[in-house]
Amino acid sequence: MNKRVTFDHKLLPYLFLAPQVVVTLAFFIWPSGQMLWQSVILEDAFGGNTRFVGFANFDKLFADEGYWASVRVTMFFSLMVTACGLAFSLLLATMADHIIRGAAAYKALLVWPYAVAPAVAGVLFGFLFNPSVGIVTWFLKKGVGYEFNHVINGNQALFLVILAATWNQISYNFLFFLAGLQSIPRSLIEAAAIDGAGPARRFWTITFPLLSPTGFFLLVVNIIYAFFGTFGVVDALTRGGPARATEILVFKVYNDGFRGQDFGGSAAQSAILMLIVVALTVVQFRFIERRVSY
Amino acid sequence: MVENRPILTFASHFVVLLGVALIAFPLWMTFVASTHDQTTMLRAPLPLWPGEHMLENYHTVLFQGFGTGAARTPLYVSLLNSLIMALGICVGKVAISIIAAYAVVYFRFPLRMFFFWMIFLTLMLPVEVRIVPTYQVVASLGMLDSYGGLIVPLIASATATFLFRQFFLSVPDELTEAARIDGAGPVRFFFDILLPMSRTSIAALFVIQFIYGWNQYLWPLLVTTREGFYTVVMTLARQVNTVDAAPPWNRIMAMAMLAMLPPVLVVVFMQRQFIKGLVDTEK
């Protein structure tokens, strides 16, 4: 953590730190304090009077059935995005790890969705599944006889948002899984093969356990992504609708705060989200400390 | 692999190819849609093969824009805004993080750890969590509808500071000693020795932050109200959200292609730096 050789200067280190500290104070610390303050005050619609109301904003929030509906949607959404994304990318990475010829080409073909903005991913999937002209919708109707219309069907809208969010995150998971797979010593796998273990057995008894640190790391990253990184997908695809079926918590904060002008309620929601981020980050860091020593 | 199993190899290729096809399908359909005329795009089933109107569509969105009347802004303006925002965030993040990390690693001063933890805290608070108060700060500073408002609030970065700190800690002390014996002061040491040595880290960070900056959506949505400052991702999402009875999908998809192209090219052509950046920033 510490350097043995350092420089002596009274002013210089503060000068070097100043830009970062100023930006942090102005756009991170101060707004977060404001947010915590706003969550315990009540402001009238014209911004004139404010008064301290304690936890009233939180009480109101917890009594609101709409909030709990949003919590449930977020839980299901995050679970599905994380589970589907991890499973599919693990499958792809395991298969890609077997491939020697053309591995680089496959990798290049699989990494680019990372570069697509979540909002653009939302637009793309909205087009594919468009109720009137979408190619997938058309195929579902003509080929299977299944009516798909995410504009009016809440479950289908949720499915579509999950699909777009998963698609957007697959290359990230894939790259980390592939790196994890390639760091497993070949000698272990060879030894198991000599002992007569087939590919499936080798995967479940050697590869999978050794991949668990990577898997756990990705689990946390994916949950954070599903909670906070998917605003663009939802806003471009469904805007939380129909009938709030896809209103995840981050979207609700934005919607209540900016569209509804309910600053107290929005700030209370933000405070809760902040707790979730802090908890997830702590988990992530504790885990990383362990990985370093392992 | 350890043994020769042709069926397994075949199955691997098959699964990966299937995955590639599934993942690339949305992109292919976007490209195809951007090459047809509007009437083709209005009746299902849509064609699966490119048409002949590609140049025309791209030319229209780039130089004539999209909306009607006064709301018409050519897309090259949005693309330019995105570019300015992405590059501004890249340069700003690298610049303020590298000097902050330098101060924390190479100097001893009161409150050093206090500042370190303060920067660390920012890692925990994504924009999405504190949108309303951050917006209010930017508004009260008069930075709405400006490049400063788009860029500055996003350039504080704990990740980048950590990355450089990690790297500086791995630089041998002998180098610093040698520089000091030769009479180099802290500023000289930073610019002549440390900065050139950090080239690969800076490149990796640059790629990751470029994609991050280009793909920002919520923040530009909040701080811009004039079309002249819209980023390309935002313009695209707005067009889809305000579609009328007969959306011109050919032009919307041409816009989507243009919105994706720069970051995708960066990832594909700078894959080595990209992967290094991805792994390093997560440490």
# chains A, B, ... in the order shown; residues from 1 in each chain; ligands from 1

$ interface_residues --of "chain B" --to "chain A" --cutoff "6 Å" --atoms "only C-alpha atoms" --output "ChimeraX atom specification"
/B:2,12,16,44,96,99-100,103,106-107,124,129,133-134,153,156,215,237,260,263-264

$ select_by_dssp --residues "stretch 38-238 of chain A" --states "alpha helix (DSSP H)" --output "ChimeraX atom specification"
/A:38,56-63,65-98,103-111,118-128,135-139,154-182,186-194,199-202,208-210,212-228,231-237

$ atom_distance --atom1 "atom CA of B:Phe189" --atom2 "atom CA of B:Phe168"
12.4 Å

$ residues_around --residues "B:Lys276" --least-positions-apart "3" --cutoff "10 Å" --atoms "only C-alpha atoms" --output "PyMOL selection string"
chain B and resi 200-201+203-205+207-208+271-273+279-281

$ write_last_selection --atoms "N, CA and C atoms" --output "short mmCIF file (atom, residue, chain, number, x, y, z; two decimals), in the first residue's frame"
data_model
loop_
_atom_site.label_atom_id
_atom_site.label_comp_id
_atom_site.auth_asym_id
_atom_site.auth_seq_id
_atom_site.Cartn_x
_atom_site.Cartn_y
_atom_site.Cartn_z
N THR B 200 0.16 1.90 -21.67
CA THR B 200 -0.79 0.80 -21.94
C THR B 200 -2.02 0.90 -21.04
N SER B 201 -1.80 1.30 -19.79
CA SER B 201 -2.96 1.46 -18.90
C SER B 201 -3.89 2.55 -19.40
N ALA B 203 -4.25 3.59 -22.47
CA ALA B 203 -4.95 3.15 -23.69
C ALA B 203 -6.12 2.25 -23.33
N ALA B 204 -5.90 1.32 -22.40
CA ALA B 204 -6.96 0.39 -22.02
C ALA B 204 -8.14 1.15 -21.40
N LEU B 205 -7.80 2.08 -20.52
CA LEU B 205 -8.84 2.86 -19.86
C LEU B 205 -9.61 3.72 -20.86
N VAL B 207 -10.25 3.14 -24.01
CA VAL B 207 -11.22 2.36 -24.78
C VAL B 207 -12.48 2.13 -23.97
N ILE B 208 -12.32 1.69 -22.72
CA ILE B 208 -13.48 1.41 -21.87
C ILE B 208 -14.29 2.67 -21.63
N GLN B 271 -9.31 -4.60 -29.75
CA GLN B 271 -9.76 -5.66 -28.86
C GLN B 271 -8.80 -5.93 -27.71
N ARG B 272 -7.50 -5.83 -28.01
CA ARG B 272 -6.52 -6.13 -26.97
C ARG B 272 -6.62 -5.11 -25.82
N GLN B 273 -6.65 -3.84 -26.17
CA GLN B 273 -6.77 -2.80 -25.15
C GLN B 273 -8.11 -2.90 -24.44
N VAL B 279 -10.66 -6.10 -17.85
CA VAL B 279 -10.14 -6.88 -16.73
C VAL B 279 -9.55 -5.96 -15.66
N ASP B 280 -8.79 -4.95 -16.09
CA ASP B 280 -8.12 -4.07 -15.13
C ASP B 280 -9.10 -3.26 -14.29
N THR B 281 -10.14 -2.75 -14.96
CA THR B 281 -11.04 -1.88 -14.20
C THR B 281 -11.88 -2.66 -13.21
#

$ atom_distance --atom1 "atom CA of A:Ala104" --atom2 "atom CA of B:Pro50"
27.5 Å

$ residues_around --residues "B:Val138" --least-positions-apart "2" --cutoff "12 Å" --atoms "only C-alpha atoms" --output "ChimeraX atom specification"
/A:23,26-28,30-31 /B:131-136,140-154,219-220,222-224

$ write_last_selection --atoms "N, CA and C atoms" --output "short mmCIF file (atom, residue, chain, number, x, y, z; two decimals), in the first residue's frame"
data_model
loop_
_atom_site.label_atom_id
_atom_site.label_comp_id
_atom_site.auth_asym_id
_atom_site.auth_seq_id
_atom_site.Cartn_x
_atom_site.Cartn_y
_atom_site.Cartn_z
N VAL A 23 -14.64 17.69 -8.13
CA VAL A 23 -15.72 17.03 -8.88
C VAL A 23 -16.48 16.07 -7.98
N ALA A 26 -18.68 18.15 -5.59
CA ALA A 26 -19.78 18.88 -6.22
C ALA A 26 -20.84 17.95 -6.79
N PHE A 27 -20.42 16.81 -7.37
CA PHE A 27 -21.38 15.99 -8.10
C PHE A 27 -21.67 14.64 -7.46
N PHE A 28 -20.98 14.31 -6.37
CA PHE A 28 -21.25 13.04 -5.71
C PHE A 28 -21.66 13.22 -4.25
N TRP A 30 -22.08 16.05 -2.30
CA TRP A 30 -23.11 17.05 -2.03
C TRP A 30 -24.50 16.57 -2.49
N PRO A 31 -24.65 16.09 -3.75
CA PRO A 31 -25.98 15.60 -4.15
C PRO A 31 -26.47 14.43 -3.30
N ILE B 131 -30.14 10.82 -9.22
CA ILE B 131 -30.38 11.67 -10.38
C ILE B 131 -30.95 13.03 -10.04
N VAL B 132 -31.97 13.09 -9.19
CA VAL B 132 -32.62 14.37 -8.95
C VAL B 132 -31.68 15.40 -8.32
N PRO B 133 -31.01 15.08 -7.20
CA PRO B 133 -30.12 16.10 -6.61
C PRO B 133 -28.94 16.46 -7.51
N THR B 134 -28.38 15.51 -8.25
CA THR B 134 -27.27 15.85 -9.14
C THR B 134 -27.75 16.80 -10.23
N TYR B 135 -28.94 16.52 -10.72
CA TYR B 135 -29.53 17.42 -11.72
C TYR B 135 -29.67 18.82 -11.15
N GLN B 136 -30.13 18.90 -9.89
CA GLN B 136 -30.32 20.22 -9.28
C GLN B 136 -29.00 20.98 -9.15
N SER B 140 -28.21 24.47 -10.92
CA SER B 140 -27.89 25.69 -10.19
C SER B 140 -26.54 26.25 -10.60
N LEU B 141 -25.68 25.40 -11.19
CA LEU B 141 -24.42 25.92 -11.69
C LEU B 141 -24.57 26.48 -13.10
N GLY B 142 -25.79 26.43 -13.63
CA GLY B 142 -26.03 26.94 -14.98
C GLY B 142 -25.38 26.10 -16.06
N MET B 143 -25.25 24.79 -15.81
CA MET B 143 -24.56 23.94 -16.78
C MET B 143 -25.50 23.10 -17.63
N LEU B 144 -26.82 23.34 -17.53
CA LEU B 144 -27.73 22.61 -18.41
C LEU B 144 -27.49 23.04 -19.84
N ASP B 145 -27.73 22.11 -20.77
CA ASP B 145 -27.53 22.41 -22.19
C ASP B 145 -26.14 22.97 -22.48
N SER B 146 -25.13 22.29 -21.97
CA SER B 146 -23.77 22.68 -22.31
C SER B 146 -22.91 21.42 -22.31
N TYR B 147 -21.78 21.48 -23.01
CA TYR B 147 -20.90 20.32 -23.01
C TYR B 147 -20.33 20.09 -21.61
N GLY B 148 -20.10 21.20 -20.90
CA GLY B 148 -19.60 21.06 -19.53
C GLY B 148 -20.54 20.24 -18.67
N GLY B 149 -21.84 20.52 -18.78
CA GLY B 149 -22.84 19.79 -18.01
C GLY B 149 -22.90 18.32 -18.40
N LEU B 150 -22.65 18.04 -19.68
CA LEU B 150 -22.66 16.65 -20.13
C LEU B 150 -21.44 15.89 -19.63
N ILE B 151 -20.31 16.59 -19.56
CA ILE B 151 -19.04 15.89 -19.33
C ILE B 151 -18.61 15.91 -17.87
N VAL B 152 -18.51 17.11 -17.29
CA VAL B 152 -17.83 17.24 -15.99
C VAL B 152 -18.41 16.35 -14.88
N PRO B 153 -19.75 16.27 -14.71
CA PRO B 153 -20.25 15.44 -13.61
C PRO B 153 -19.88 13.96 -13.75
N LEU B 154 -19.50 13.52 -14.95
CA LEU B 154 -19.21 12.10 -15.14
C LEU B 154 -17.73 11.79 -15.10
N TRP B 219 -28.05 10.41 -18.31
CA TRP B 219 -27.51 11.72 -17.99
C TRP B 219 -27.79 12.77 -19.07
N PRO B 220 -27.47 12.49 -20.35
CA PRO B 220 -27.84 13.47 -21.39
C PRO B 220 -29.33 13.74 -21.45
N LEU B 222 -31.27 14.02 -18.99
CA LEU B 222 -31.62 14.97 -17.95
C LEU B 222 -31.11 16.37 -18.25
N VAL B 223 -29.86 16.48 -18.67
CA VAL B 223 -29.26 17.81 -18.71
C VAL B 223 -29.41 18.52 -20.05
N THR B 224 -29.96 17.88 -21.08
CA THR B 224 -30.14 18.60 -22.33
C THR B 224 -31.63 18.73 -22.64
#

$ atom_distance --atom1 "atom CA of B:Thr9" --atom2 "atom CA of A:Gln169"
26.3 Å

$ closest_residue --among "B:His13, B:Arg199, B:Lys93, B:Arg226" --to "B:Thr161" --atoms "only C-alpha atoms"
B:Lys93

$ select_by_dssp --residues "stretch 24-253 of chain A" --states "strand (DSSP E or B)" --output "list in words"
Ile41, Leu42, Glu43, Thr50, Arg51 and Phe52 of chain A

$ write_last_selection --atoms "N, CA and C atoms" --output "short mmCIF file (atom, residue, chain, number, x, y, z; two decimals), in the first residue's frame"
data_model
loop_
_atom_site.label_atom_id
_atom_site.label_comp_id
_atom_site.auth_asym_id
_atom_site.auth_seq_id
_atom_site.Cartn_x
_atom_site.Cartn_y
_atom_site.Cartn_z
N ILE A 41 -37.62 15.39 4.23
CA ILE A 41 -38.40 16.63 4.28
C ILE A 41 -39.57 16.54 3.31
N LEU A 42 -40.50 17.45 3.49
CA LEU A 42 -41.63 17.55 2.58
C LEU A 42 -41.61 18.93 1.96
N GLU A 43 -41.64 18.96 0.63
CA GLU A 43 -41.56 20.24 -0.07
C GLU A 43 -42.90 20.46 -0.75
N THR A 50 -40.56 24.11 3.09
CA THR A 50 -40.12 22.76 3.36
C THR A 50 -40.23 22.53 4.85
N ARG A 51 -40.57 21.30 5.21
CA ARG A 51 -40.53 21.02 6.64
C ARG A 51 -40.07 19.59 6.86
N PHE A 52 -39.46 19.41 8.02
CA PHE A 52 -38.90 18.12 8.37
C PHE A 52 -40.03 17.14 8.70
#

$ residues_around --residues "B:His59" --least-positions-apart "2" --cutoff "12 Å" --atoms "only C-alpha atoms" --output "list in words"
Ser34, Thr35, His53, Met54, Leu55, Glu56, Asn57, Val61, Leu62, Phe63, Gln64, Gly65, Phe66, Pro74, Leu75, Tyr76, Arg251, Ala254, Met255 and Leu258 of chain B

$ write_last_selection --atoms "N, CA and C atoms" --output "mmCIF file, in the first residue's frame"
data_model
loop_
_atom_site.group_PDB
_atom_site.id
_atom_site.type_symbol
_atom_site.label_atom_id
_atom_site.label_comp_id
_atom_site.auth_asym_id
_atom_site.auth_seq_id
_atom_site.Cartn_x
_atom_site.Cartn_y
_atom_site.Cartn_z
ATOM 1 N N SER B 34 -32.109 -0.829 -42.674
ATOM 2 C CA SER B 34 -31.602 0.499 -43.026
ATOM 3 C C SER B 34 -31.322 0.633 -44.515
ATOM 4 N N THR B 35 -31.512 -0.452 -45.270
ATOM 5 C CA THR B 35 -31.187 -0.388 -46.691
ATOM 6 C C THR B 35 -32.423 -0.483 -47.579
ATOM 7 N N HIS B 53 -31.556 0.954 -51.021
ATOM 8 C CA HIS B 53 -31.705 2.357 -50.627
ATOM 9 C C HIS B 53 -30.759 2.789 -49.518
ATOM 10 N N MET B 54 -29.688 2.031 -49.349
ATOM 11 C CA MET B 54 -28.796 2.274 -48.227
ATOM 12 C C MET B 54 -28.241 3.700 -48.218
ATOM 13 N N LEU B 55 -27.566 4.085 -49.318
ATOM 14 C CA LEU B 55 -26.904 5.398 -49.343
ATOM 15 C C LEU B 55 -27.916 6.520 -49.138
ATOM 16 N N GLU B 56 -29.040 6.376 -49.793
ATOM 17 C CA GLU B 56 -30.091 7.375 -49.697
ATOM 18 C C GLU B 56 -30.553 7.574 -48.241
ATOM 19 N N ASN B 57 -30.825 6.435 -47.540
ATOM 20 C CA ASN B 57 -31.285 6.517 -46.150
ATOM 21 C C ASN B 57 -30.250 7.189 -45.257
ATOM 22 N N VAL B 61 -30.664 10.778 -43.109
ATOM 23 C CA VAL B 61 -30.608 10.999 -41.662
ATOM 24 C C VAL B 61 -29.405 11.834 -41.280
ATOM 25 N N LEU B 62 -28.289 11.622 -41.976
ATOM 26 C CA LEU B 62 -27.079 12.354 -41.586
ATOM 27 C C LEU B 62 -27.212 13.853 -41.834
ATOM 28 N N PHE B 63 -27.752 14.219 -43.001
ATOM 29 C CA PHE B 63 -27.674 15.635 -43.372
ATOM 30 C C PHE B 63 -29.004 16.363 -43.345
ATOM 31 N N GLN B 64 -30.110 15.624 -43.411
ATOM 32 C CA GLN B 64 -31.389 16.323 -43.377
ATOM 33 C C GLN B 64 -32.099 16.147 -42.063
ATOM 34 N N GLY B 65 -31.702 15.145 -41.316
ATOM 35 C CA GLY B 65 -32.315 14.961 -40.018
ATOM 36 C C GLY B 65 -33.605 14.223 -40.102
ATOM 37 N N PHE B 66 -34.354 14.305 -39.054
ATOM 38 C CA PHE B 66 -35.397 13.330 -38.886
ATOM 39 C C PHE B 66 -36.775 13.931 -38.726
ATOM 40 N N PRO B 74 -30.023 17.598 -38.186
ATOM 41 C CA PRO B 74 -29.284 16.547 -38.881
ATOM 42 C C PRO B 74 -28.537 15.671 -37.865
ATOM 43 N N LEU B 75 -28.437 14.385 -38.182
ATOM 44 C CA LEU B 75 -27.855 13.469 -37.206
ATOM 45 C C LEU B 75 -26.365 13.723 -36.993
ATOM 46 N N TYR B 76 -25.695 14.334 -37.963
ATOM 47 C CA TYR B 76 -24.265 14.548 -37.739
ATOM 48 C C TYR B 76 -24.023 15.464 -36.541
ATOM 49 N N ARG B 251 -35.267 4.656 -41.787
ATOM 50 C CA ARG B 251 -34.381 5.732 -41.326
ATOM 51 C C ARG B 251 -34.034 5.589 -39.845
ATOM 52 N N ALA B 254 -31.271 3.181 -39.755
ATOM 53 C CA ALA B 254 -30.024 3.794 -40.224
ATOM 54 C C ALA B 254 -29.397 4.605 -39.094
ATOM 55 N N MET B 255 -30.248 5.286 -38.328
ATOM 56 C CA MET B 255 -29.751 6.026 -37.166
ATOM 57 C C MET B 255 -29.158 5.078 -36.141
ATOM 58 N N LEU B 258 -25.742 4.031 -37.154
ATOM 59 C CA LEU B 258 -24.754 5.085 -36.933
ATOM 60 C C LEU B 258 -24.454 5.267 -35.445
#

$ residues_around --residues "B:Ala160" --least-positions-apart "4" --cutoff "7 Å" --atoms "only C-alpha atoms" --output "MDAnalysis selection string"
chainID B and resid 94 97 164

$ write_last_selection --atoms "N, CA and C atoms" --output "PDB file, in the first residue's frame"
ATOM      1  N   VAL B  94      -9.118  10.280 -17.366  1.00  0.00           N
ATOM      2  CA  VAL B  94      -7.711   9.884 -17.307  1.00  0.00           C
ATOM      3  C   VAL B  94      -6.898  10.984 -16.633  1.00  0.00           C
ATOM      4  N   SER B  97      -7.740  11.476 -12.811  1.00  0.00           N
ATOM      5  CA  SER B  97      -7.482  10.282 -12.019  1.00  0.00           C
ATOM      6  C   SER B  97      -5.992  10.014 -11.878  1.00  0.00           C
ATOM      7  N   PHE B 164      -4.800   3.376 -11.697  1.00  0.00           N
ATOM      8  CA  PHE B 164      -3.492   4.022 -11.746  1.00  0.00           C
ATOM      9  C   PHE B 164      -2.725   3.817 -10.438  1.00  0.00           C
TER      10      PHE B 164
END

$ residues_around --residues "B:Trp249" --least-positions-apart "4" --cutoff "7 Å" --atoms "only C-alpha atoms" --output "number ranges by chain"
B: 33, 38, 41, 253
